[in-house]
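What follows is a single structure, written as structure tokens, with notes after it.
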Amino acid sequence: MPESVDYGSYITAPHPHDVLCGRGGGTNAHIGNAHWRLLVQANTELYLTLPKQQKMLLSKSIVNAVRNQHPPGRFLQKDPSTSLWSDVGDSKAQEKTS
């Protein structure tokens with residue numbers, strides 16, 4: 001796995017705890033996405049029974065679980081013009097998780 005270098009808010013290579021945003025096999029096959037999907041699947045049954053406010057809290061707790069790993073997981077989007085990655089932030093990460 002390539003070393004991840006952060007140029008300010010840009011990242012040259014994701015690490016195994018990162019969740020890659022986007023479509024296709026490249027993002028689906030990333031180990032961080034596989035781990036994130038397991039967290040989501042483990043909470044799906046509970047999620048479906050909760051009112052909207054608690055659903056948001058559950059999604060936030062999954063995002064926090066990713067971000068609290070060592071090294072911290074990030075939710076990354078690739079810029080096609082530069083091939084660099086940047087974190088989408090908590091709001092978009094929660095939206096993806098929901």
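Residues in the structure tokens are named by chain (A, B, ... in the order shown) and by number from 1 within that chain; ligands are numbered from 1 in the order shown.
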
For this session: Pick out each residue of chain A that DSSP on the backbone tags as strand (DSSP E or B); I need them as an MDAnalysis selection string.
Result: chainID A and resid 6:7 10:11 19:20 75:79 84:87

Dump of N, CA and C atoms for the selected residues, as an mmCIF file, in the first residue's frame:
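Okay, this is what ended up in again32.cif:
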data_model
loop_
_atom_site.group_PDB
_atom_site.id
_atom_site.type_symbol
_atom_site.label_atom_id
_atom_site.label_comp_id
_atom_site.auth_asym_id
_atom_site.auth_seq_id
_atom_site.Cartn_x
_atom_site.Cartn_y
_atom_site.Cartn_z
ATOM 1 N N ASP A 6 -0.289 13.937 2.944
ATOM 2 C CA ASP A 6 -1.320 14.959 3.021
ATOM 3 C C ASP A 6 -0.709 16.313 2.667
ATOM 4 N N TYR A 7 -1.119 16.900 1.550
ATOM 5 C CA TYR A 7 -0.661 18.230 1.150
ATOM 6 C C TYR A 7 -1.750 19.223 1.524
ATOM 7 N N TYR A 10 -5.216 17.903 0.766
ATOM 8 C CA TYR A 10 -5.183 16.916 -0.308
ATOM 9 C C TYR A 10 -4.364 15.710 0.100
ATOM 10 N N ILE A 11 -4.817 14.543 -0.294
ATOM 11 C CA ILE A 11 -4.200 13.282 0.094
ATOM 12 C C ILE A 11 -3.836 12.541 -1.191
ATOM 13 N N VAL A 19 -12.569 5.454 3.911
ATOM 14 C CA VAL A 19 -13.737 5.060 3.132
ATOM 15 C C VAL A 19 -13.732 5.940 1.887
ATOM 16 N N LEU A 20 -13.750 5.300 0.717
ATOM 17 C CA LEU A 20 -13.690 6.033 -0.537
ATOM 18 C C LEU A 20 -15.095 6.279 -1.062
ATOM 19 N N PHE A 75 -13.276 9.942 5.096
ATOM 20 C CA PHE A 75 -14.212 9.710 3.993
ATOM 21 C C PHE A 75 -13.714 10.565 2.838
ATOM 22 N N LEU A 76 -13.180 9.913 1.813
ATOM 23 C CA LEU A 76 -12.440 10.613 0.772
ATOM 24 C C LEU A 76 -13.148 10.601 -0.577
ATOM 25 N N GLN A 77 -13.015 11.715 -1.274
ATOM 26 C CA GLN A 77 -13.517 11.882 -2.647
ATOM 27 C C GLN A 77 -12.322 12.235 -3.517
ATOM 28 N N LYS A 78 -12.211 11.589 -4.675
ATOM 29 C CA LYS A 78 -11.079 11.840 -5.574
ATOM 30 C C LYS A 78 -11.429 12.946 -6.556
ATOM 31 N N ASP A 79 -10.505 13.893 -6.717
ATOM 32 C CA ASP A 79 -10.646 14.948 -7.709
ATOM 33 C C ASP A 79 -10.098 14.397 -9.028
ATOM 34 N N LEU A 84 -5.950 13.670 -6.756
ATOM 35 C CA LEU A 84 -5.740 13.772 -5.314
ATOM 36 C C LEU A 84 -7.069 13.563 -4.597
ATOM 37 N N TRP A 85 -6.985 13.133 -3.366
ATOM 38 C CA TRP A 85 -8.153 12.863 -2.533
ATOM 39 C C TRP A 85 -8.323 13.975 -1.511
ATOM 40 N N SER A 86 -9.573 14.225 -1.103
ATOM 41 C CA SER A 86 -9.838 15.143 0.004
ATOM 42 C C SER A 86 -11.001 14.599 0.818
ATOM 43 N N ASP A 87 -10.996 14.938 2.097
ATOM 44 C CA ASP A 87 -12.048 14.482 2.998
ATOM 45 C C ASP A 87 -13.329 15.255 2.709
#

Identify all residues of range 10-46 of chain A in helix (DSSP H, G or I) (DSSP on the backbone) and supply them as a short mmCIF file (atom, residue, chain, number, x, y, z; two decimals) with all heavy atoms, in the first residue's frame.
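Heads up, here's the output in states-v1.cif:
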data_model
loop_
_atom_site.label_atom_id
_atom_site.label_comp_id
_atom_site.auth_asym_id
_atom_site.auth_seq_id
_atom_site.Cartn_x
_atom_site.Cartn_y
_atom_site.Cartn_z
N GLY A 25 -15.91 -0.53 -8.87
CA GLY A 25 -15.17 -1.59 -8.20
C GLY A 25 -14.00 -1.09 -7.38
O GLY A 25 -13.66 -1.69 -6.36
N GLY A 26 -13.35 -0.01 -7.81
CA GLY A 26 -12.20 0.50 -7.07
C GLY A 26 -12.56 0.92 -5.67
O GLY A 26 -11.84 0.60 -4.71
N THR A 27 -13.67 1.61 -5.52
CA THR A 27 -14.08 2.03 -4.19
C THR A 27 -14.67 0.86 -3.41
O THR A 27 -14.40 0.71 -2.21
CB THR A 27 -15.10 3.19 -4.24
OG1 THR A 27 -16.24 2.78 -4.98
CG2 THR A 27 -14.49 4.41 -4.87
N ASN A 28 -15.44 0.01 -4.07
CA ASN A 28 -16.06 -1.12 -3.38
C ASN A 28 -15.03 -2.10 -2.86
O ASN A 28 -15.22 -2.72 -1.81
CB ASN A 28 -17.03 -1.85 -4.31
CG ASN A 28 -18.29 -1.05 -4.56
OD1 ASN A 28 -18.66 -0.19 -3.78
ND2 ASN A 28 -18.95 -1.33 -5.67
N ALA A 29 -13.93 -2.28 -3.58
CA ALA A 29 -12.92 -3.26 -3.20
C ALA A 29 -11.97 -2.75 -2.12
O ALA A 29 -11.25 -3.55 -1.51
CB ALA A 29 -12.12 -3.67 -4.44
N ILE A 31 -10.38 -1.85 1.27
CA ILE A 31 -10.59 -2.50 2.56
C ILE A 31 -11.35 -1.63 3.55
O ILE A 31 -12.17 -2.11 4.33
CB ILE A 31 -9.26 -3.01 3.16
CG1 ILE A 31 -9.54 -3.91 4.36
CG2 ILE A 31 -8.34 -1.86 3.52
CD1 ILE A 31 -8.47 -4.88 4.67
N GLY A 32 -11.12 -0.31 3.51
CA GLY A 32 -11.86 0.59 4.40
C GLY A 32 -13.34 0.60 4.09
O GLY A 32 -14.18 0.67 5.00
N ASN A 33 -13.69 0.51 2.80
CA ASN A 33 -15.10 0.45 2.42
C ASN A 33 -15.73 -0.86 2.87
O ASN A 33 -16.88 -0.88 3.31
CB ASN A 33 -15.25 0.62 0.91
CG ASN A 33 -14.98 2.03 0.46
OD1 ASN A 33 -13.91 2.56 0.72
ND2 ASN A 33 -15.93 2.65 -0.20
N ALA A 34 -14.98 -1.97 2.77
CA ALA A 34 -15.50 -3.26 3.21
C ALA A 34 -15.78 -3.23 4.71
O ALA A 34 -16.84 -3.70 5.16
CB ALA A 34 -14.52 -4.37 2.86
N HIS A 35 -14.87 -2.65 5.49
CA HIS A 35 -15.08 -2.54 6.94
C HIS A 35 -16.27 -1.65 7.25
O HIS A 35 -17.11 -1.98 8.10
CB HIS A 35 -13.80 -2.00 7.60
CG HIS A 35 -13.93 -1.84 9.07
ND1 HIS A 35 -14.07 -0.61 9.68
CD2 HIS A 35 -13.97 -2.76 10.08
CE1 HIS A 35 -14.19 -0.78 10.98
NE2 HIS A 35 -14.13 -2.06 11.25
N TRP A 36 -16.37 -0.52 6.55
CA TRP A 36 -17.49 0.40 6.75
C TRP A 36 -18.82 -0.29 6.42
O TRP A 36 -19.79 -0.16 7.17
CB TRP A 36 -17.27 1.64 5.87
CG TRP A 36 -18.43 2.55 5.78
CD1 TRP A 36 -18.85 3.46 6.70
CD2 TRP A 36 -19.35 2.67 4.69
NE1 TRP A 36 -19.97 4.13 6.25
CE2 TRP A 36 -20.29 3.64 5.02
CE3 TRP A 36 -19.46 2.01 3.46
CZ2 TRP A 36 -21.33 3.99 4.17
CZ3 TRP A 36 -20.50 2.35 2.62
CH2 TRP A 36 -21.42 3.33 2.98
N ARG A 37 -18.87 -1.07 5.31
CA ARG A 37 -20.10 -1.79 4.95
C ARG A 37 -20.49 -2.79 6.03
O ARG A 37 -21.68 -2.96 6.33
CB ARG A 37 -19.95 -2.49 3.60
CG ARG A 37 -20.17 -1.57 2.42
CD ARG A 37 -20.36 -2.33 1.11
NE ARG A 37 -19.30 -3.28 0.84
CZ ARG A 37 -18.13 -2.98 0.27
NH1 ARG A 37 -17.88 -1.74 -0.11
NH2 ARG A 37 -17.24 -3.91 0.06
N LEU A 38 -19.50 -3.44 6.65
CA LEU A 38 -19.80 -4.37 7.75
C LEU A 38 -20.43 -3.63 8.93
O LEU A 38 -21.39 -4.13 9.54
CB LEU A 38 -18.53 -5.10 8.21
CG LEU A 38 -18.01 -6.19 7.29
CD1 LEU A 38 -16.66 -6.71 7.79
CD2 LEU A 38 -19.01 -7.33 7.17
N LEU A 39 -19.91 -2.45 9.26
CA LEU A 39 -20.50 -1.64 10.34
C LEU A 39 -21.93 -1.25 10.01
O LEU A 39 -22.83 -1.33 10.86
CB LEU A 39 -19.66 -0.38 10.57
CG LEU A 39 -18.32 -0.55 11.25
CD1 LEU A 39 -17.55 0.78 11.22
CD2 LEU A 39 -18.50 -1.02 12.67
N VAL A 40 -22.16 -0.85 8.76
CA VAL A 40 -23.50 -0.45 8.33
C VAL A 40 -24.44 -1.66 8.38
O VAL A 40 -25.56 -1.57 8.93
CB VAL A 40 -23.47 0.18 6.92
CG1 VAL A 40 -24.88 0.37 6.36
CG2 VAL A 40 -22.72 1.51 6.95
N GLN A 41 -24.00 -2.79 7.84
CA GLN A 41 -24.84 -4.00 7.84
C GLN A 41 -25.17 -4.47 9.26
O GLN A 41 -26.30 -4.90 9.52
CB GLN A 41 -24.16 -5.13 7.07
CG GLN A 41 -24.14 -4.90 5.58
CD GLN A 41 -23.26 -5.90 4.83
OE1 GLN A 41 -22.60 -6.73 5.45
NE2 GLN A 41 -23.25 -5.79 3.52
N ALA A 42 -24.22 -4.36 10.16
CA ALA A 42 -24.44 -4.78 11.54
C ALA A 42 -25.50 -3.92 12.23
O ALA A 42 -26.11 -4.36 13.21
CB ALA A 42 -23.14 -4.74 12.32
N ASN A 43 -25.73 -2.72 11.74
CA ASN A 43 -26.68 -1.80 12.37
C ASN A 43 -27.96 -1.58 11.56
O ASN A 43 -28.82 -0.80 11.98
CB ASN A 43 -25.98 -0.46 12.61
CG ASN A 43 -24.99 -0.53 13.73
OD1 ASN A 43 -25.35 -0.53 14.89
ND2 ASN A 43 -23.72 -0.64 13.37
N THR A 44 -28.10 -2.26 10.42
CA THR A 44 -29.24 -2.02 9.53
C THR A 44 -30.57 -2.33 10.20
O THR A 44 -31.52 -1.54 10.11
CB THR A 44 -29.10 -2.83 8.23
OG1 THR A 44 -27.93 -2.39 7.55
CG2 THR A 44 -30.30 -2.63 7.32
N GLU A 45 -30.66 -3.47 10.86
CA GLU A 45 -31.93 -3.86 11.49
C GLU A 45 -32.37 -2.83 12.52
O GLU A 45 -33.53 -2.42 12.55
CB GLU A 45 -31.78 -5.25 12.12
CG GLU A 45 -33.10 -5.88 12.52
CD GLU A 45 -32.93 -7.31 13.00
OE1 GLU A 45 -32.15 -8.06 12.39
OE2 GLU A 45 -33.60 -7.65 13.99
N LEU A 46 -31.43 -2.40 13.37
CA LEU A 46 -31.73 -1.37 14.36
C LEU A 46 -32.12 -0.06 13.68
O LEU A 46 -33.11 0.58 14.05
CB LEU A 46 -30.53 -1.15 15.28
CG LEU A 46 -30.62 0.02 16.27
CD1 LEU A 46 -31.78 -0.18 17.23
CD2 LEU A 46 -29.30 0.18 17.01
#

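Among A:Pro72, A:Gln53, A:Ser61, A:Ser83, the residue with the shortest atom-to-atom distance to Thr12 in chain A, counting only C-alpha atoms, is A:Ser83.
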
For this session: May I have the residues within 12 Å of Gly89 in chain A as an NGL selection string, using only C-alpha atoms and disregarding those fewer than 2 positions away in the same chain?
Result: :A and (9 or 19 or 21 or 60 or 63-64 or 67 or 73-77 or 86-87 or 91-96)

Output all heavy atoms of each residue in that selection to a file, as a short mmCIF file (atom, residue, chain, number, x, y, z; two decimals), in the first residue's frame.
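The result, stored in out.cif:
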data_model
loop_
_atom_site.label_atom_id
_atom_site.label_comp_id
_atom_site.auth_asym_id
_atom_site.auth_seq_id
_atom_site.Cartn_x
_atom_site.Cartn_y
_atom_site.Cartn_z
N SER A 9 -5.04 19.94 2.55
CA SER A 9 -6.27 19.16 2.60
C SER A 9 -6.32 18.10 1.51
O SER A 9 -7.33 17.45 1.32
CB SER A 9 -7.47 20.09 2.49
OG SER A 9 -7.44 20.76 1.25
N VAL A 19 -12.57 5.45 3.91
CA VAL A 19 -13.74 5.06 3.13
C VAL A 19 -13.73 5.94 1.89
O VAL A 19 -13.69 7.16 1.99
CB VAL A 19 -15.05 5.25 3.94
CG1 VAL A 19 -16.26 4.94 3.08
CG2 VAL A 19 -15.02 4.41 5.20
N CYS A 21 -15.40 7.53 -1.35
CA CYS A 21 -16.70 7.90 -1.89
C CYS A 21 -16.63 7.81 -3.42
O CYS A 21 -15.62 8.17 -4.02
CB CYS A 21 -17.08 9.31 -1.46
SG CYS A 21 -17.19 9.49 0.34
N LYS A 60 -24.14 8.92 12.70
CA LYS A 60 -23.02 9.69 13.24
C LYS A 60 -22.08 8.79 14.04
O LYS A 60 -20.85 8.94 13.97
CB LYS A 60 -23.54 10.83 14.11
CG LYS A 60 -22.47 11.77 14.58
CD LYS A 60 -23.07 12.95 15.33
CE LYS A 60 -21.99 13.93 15.72
NZ LYS A 60 -22.52 15.14 16.32
N VAL A 63 -19.88 6.91 11.60
CA VAL A 63 -18.85 7.81 11.08
C VAL A 63 -17.76 8.00 12.14
O VAL A 63 -16.56 7.94 11.85
CB VAL A 63 -19.45 9.17 10.65
CG1 VAL A 63 -18.36 10.20 10.36
CG2 VAL A 63 -20.35 8.98 9.44
N ASN A 64 -18.16 8.19 13.39
CA ASN A 64 -17.19 8.37 14.49
C ASN A 64 -16.34 7.12 14.68
O ASN A 64 -15.14 7.22 14.97
CB ASN A 64 -17.89 8.74 15.79
CG ASN A 64 -18.40 10.16 15.78
OD1 ASN A 64 -17.92 11.01 15.04
ND2 ASN A 64 -19.40 10.43 16.60
N ARG A 67 -13.71 7.28 12.06
CA ARG A 67 -12.76 8.36 12.32
C ARG A 67 -11.90 8.13 13.57
O ARG A 67 -10.83 8.70 13.71
CB ARG A 67 -13.50 9.68 12.44
CG ARG A 67 -14.16 10.11 11.11
CD ARG A 67 -14.34 11.58 11.05
NE ARG A 67 -15.04 12.05 9.88
CZ ARG A 67 -14.45 12.33 8.72
NH1 ARG A 67 -13.17 12.14 8.56
NH2 ARG A 67 -15.16 12.79 7.70
N GLY A 73 -9.69 6.98 10.23
CA GLY A 73 -10.29 6.80 8.92
C GLY A 73 -10.88 8.11 8.43
O GLY A 73 -11.32 8.94 9.22
N ARG A 74 -10.83 8.30 7.13
CA ARG A 74 -11.38 9.50 6.51
C ARG A 74 -12.37 9.08 5.44
O ARG A 74 -12.30 7.96 4.93
CB ARG A 74 -10.25 10.33 5.88
CG ARG A 74 -9.16 10.70 6.90
CD ARG A 74 -7.88 11.15 6.24
NE ARG A 74 -7.25 10.02 5.55
CZ ARG A 74 -6.02 10.07 5.02
NH1 ARG A 74 -5.31 11.18 5.07
NH2 ARG A 74 -5.51 9.01 4.41
N PHE A 75 -13.28 9.94 5.10
CA PHE A 75 -14.21 9.71 3.99
C PHE A 75 -13.71 10.57 2.84
O PHE A 75 -13.79 11.79 2.89
CB PHE A 75 -15.64 10.09 4.42
CG PHE A 75 -16.23 9.10 5.38
CD1 PHE A 75 -15.89 9.12 6.72
CD2 PHE A 75 -17.12 8.13 4.95
CE1 PHE A 75 -16.42 8.20 7.61
CE2 PHE A 75 -17.65 7.20 5.83
CZ PHE A 75 -17.31 7.24 7.17
N LEU A 76 -13.18 9.91 1.81
CA LEU A 76 -12.44 10.61 0.77
C LEU A 76 -13.15 10.60 -0.58
O LEU A 76 -13.75 9.60 -0.96
CB LEU A 76 -11.05 9.97 0.60
CG LEU A 76 -10.17 9.93 1.84
CD1 LEU A 76 -8.86 9.22 1.51
CD2 LEU A 76 -9.92 11.31 2.40
N GLN A 77 -13.01 11.72 -1.27
CA GLN A 77 -13.52 11.88 -2.65
C GLN A 77 -12.32 12.23 -3.52
O GLN A 77 -11.51 13.09 -3.15
CB GLN A 77 -14.56 13.01 -2.71
CG GLN A 77 -15.15 13.24 -4.08
CD GLN A 77 -16.14 12.16 -4.45
OE1 GLN A 77 -17.00 11.80 -3.65
NE2 GLN A 77 -16.03 11.64 -5.65
N SER A 86 -9.57 14.23 -1.10
CA SER A 86 -9.84 15.14 0.00
C SER A 86 -11.00 14.60 0.82
O SER A 86 -11.86 13.88 0.30
CB SER A 86 -10.14 16.55 -0.50
OG SER A 86 -11.27 16.55 -1.34
N ASP A 87 -11.00 14.94 2.10
CA ASP A 87 -12.05 14.48 3.00
C ASP A 87 -13.33 15.25 2.71
O ASP A 87 -13.30 16.48 2.58
CB ASP A 87 -11.61 14.68 4.45
CG ASP A 87 -12.48 13.91 5.43
OD1 ASP A 87 -13.71 14.10 5.42
OD2 ASP A 87 -11.92 13.12 6.20
N SER A 91 -20.66 15.85 7.50
CA SER A 91 -22.03 15.90 6.98
C SER A 91 -22.22 14.94 5.80
O SER A 91 -23.16 14.15 5.77
CB SER A 91 -22.37 17.34 6.57
OG SER A 91 -23.68 17.41 6.08
N LYS A 92 -21.32 14.99 4.85
CA LYS A 92 -21.42 14.09 3.69
C LYS A 92 -21.12 12.65 4.08
O LYS A 92 -21.70 11.72 3.53
CB LYS A 92 -20.50 14.55 2.55
CG LYS A 92 -21.03 15.78 1.89
CD LYS A 92 -20.41 16.00 0.53
CE LYS A 92 -21.04 17.26 -0.05
NZ LYS A 92 -20.73 17.46 -1.43
N ALA A 93 -20.24 12.44 5.04
CA ALA A 93 -19.94 11.11 5.52
C ALA A 93 -21.18 10.50 6.18
O ALA A 93 -21.52 9.33 5.96
CB ALA A 93 -18.77 11.14 6.51
N GLN A 94 -21.90 11.31 6.96
CA GLN A 94 -23.13 10.85 7.58
C GLN A 94 -24.19 10.55 6.53
O GLN A 94 -24.92 9.57 6.64
CB GLN A 94 -23.65 11.93 8.54
CG GLN A 94 -23.53 11.55 9.98
CD GLN A 94 -24.13 12.62 10.86
OE1 GLN A 94 -23.47 13.61 11.17
NE2 GLN A 94 -25.36 12.42 11.27
N GLU A 95 -24.28 11.41 5.53
CA GLU A 95 -25.24 11.19 4.45
C GLU A 95 -24.95 9.88 3.73
O GLU A 95 -25.86 9.10 3.44
CB GLU A 95 -25.13 12.38 3.46
CG GLU A 95 -26.20 12.41 2.42
CD GLU A 95 -26.04 13.64 1.54
OE1 GLU A 95 -25.95 14.77 2.08
OE2 GLU A 95 -26.03 13.47 0.31
N LYS A 96 -23.68 9.61 3.43
CA LYS A 96 -23.29 8.34 2.78
C LYS A 96 -23.65 7.16 3.67
O LYS A 96 -24.14 6.16 3.18
CB LYS A 96 -21.79 8.36 2.48
CG LYS A 96 -21.28 7.07 1.84
CD LYS A 96 -19.81 7.18 1.51
CE LYS A 96 -19.25 5.88 0.94
NZ LYS A 96 -19.77 5.51 -0.37
#
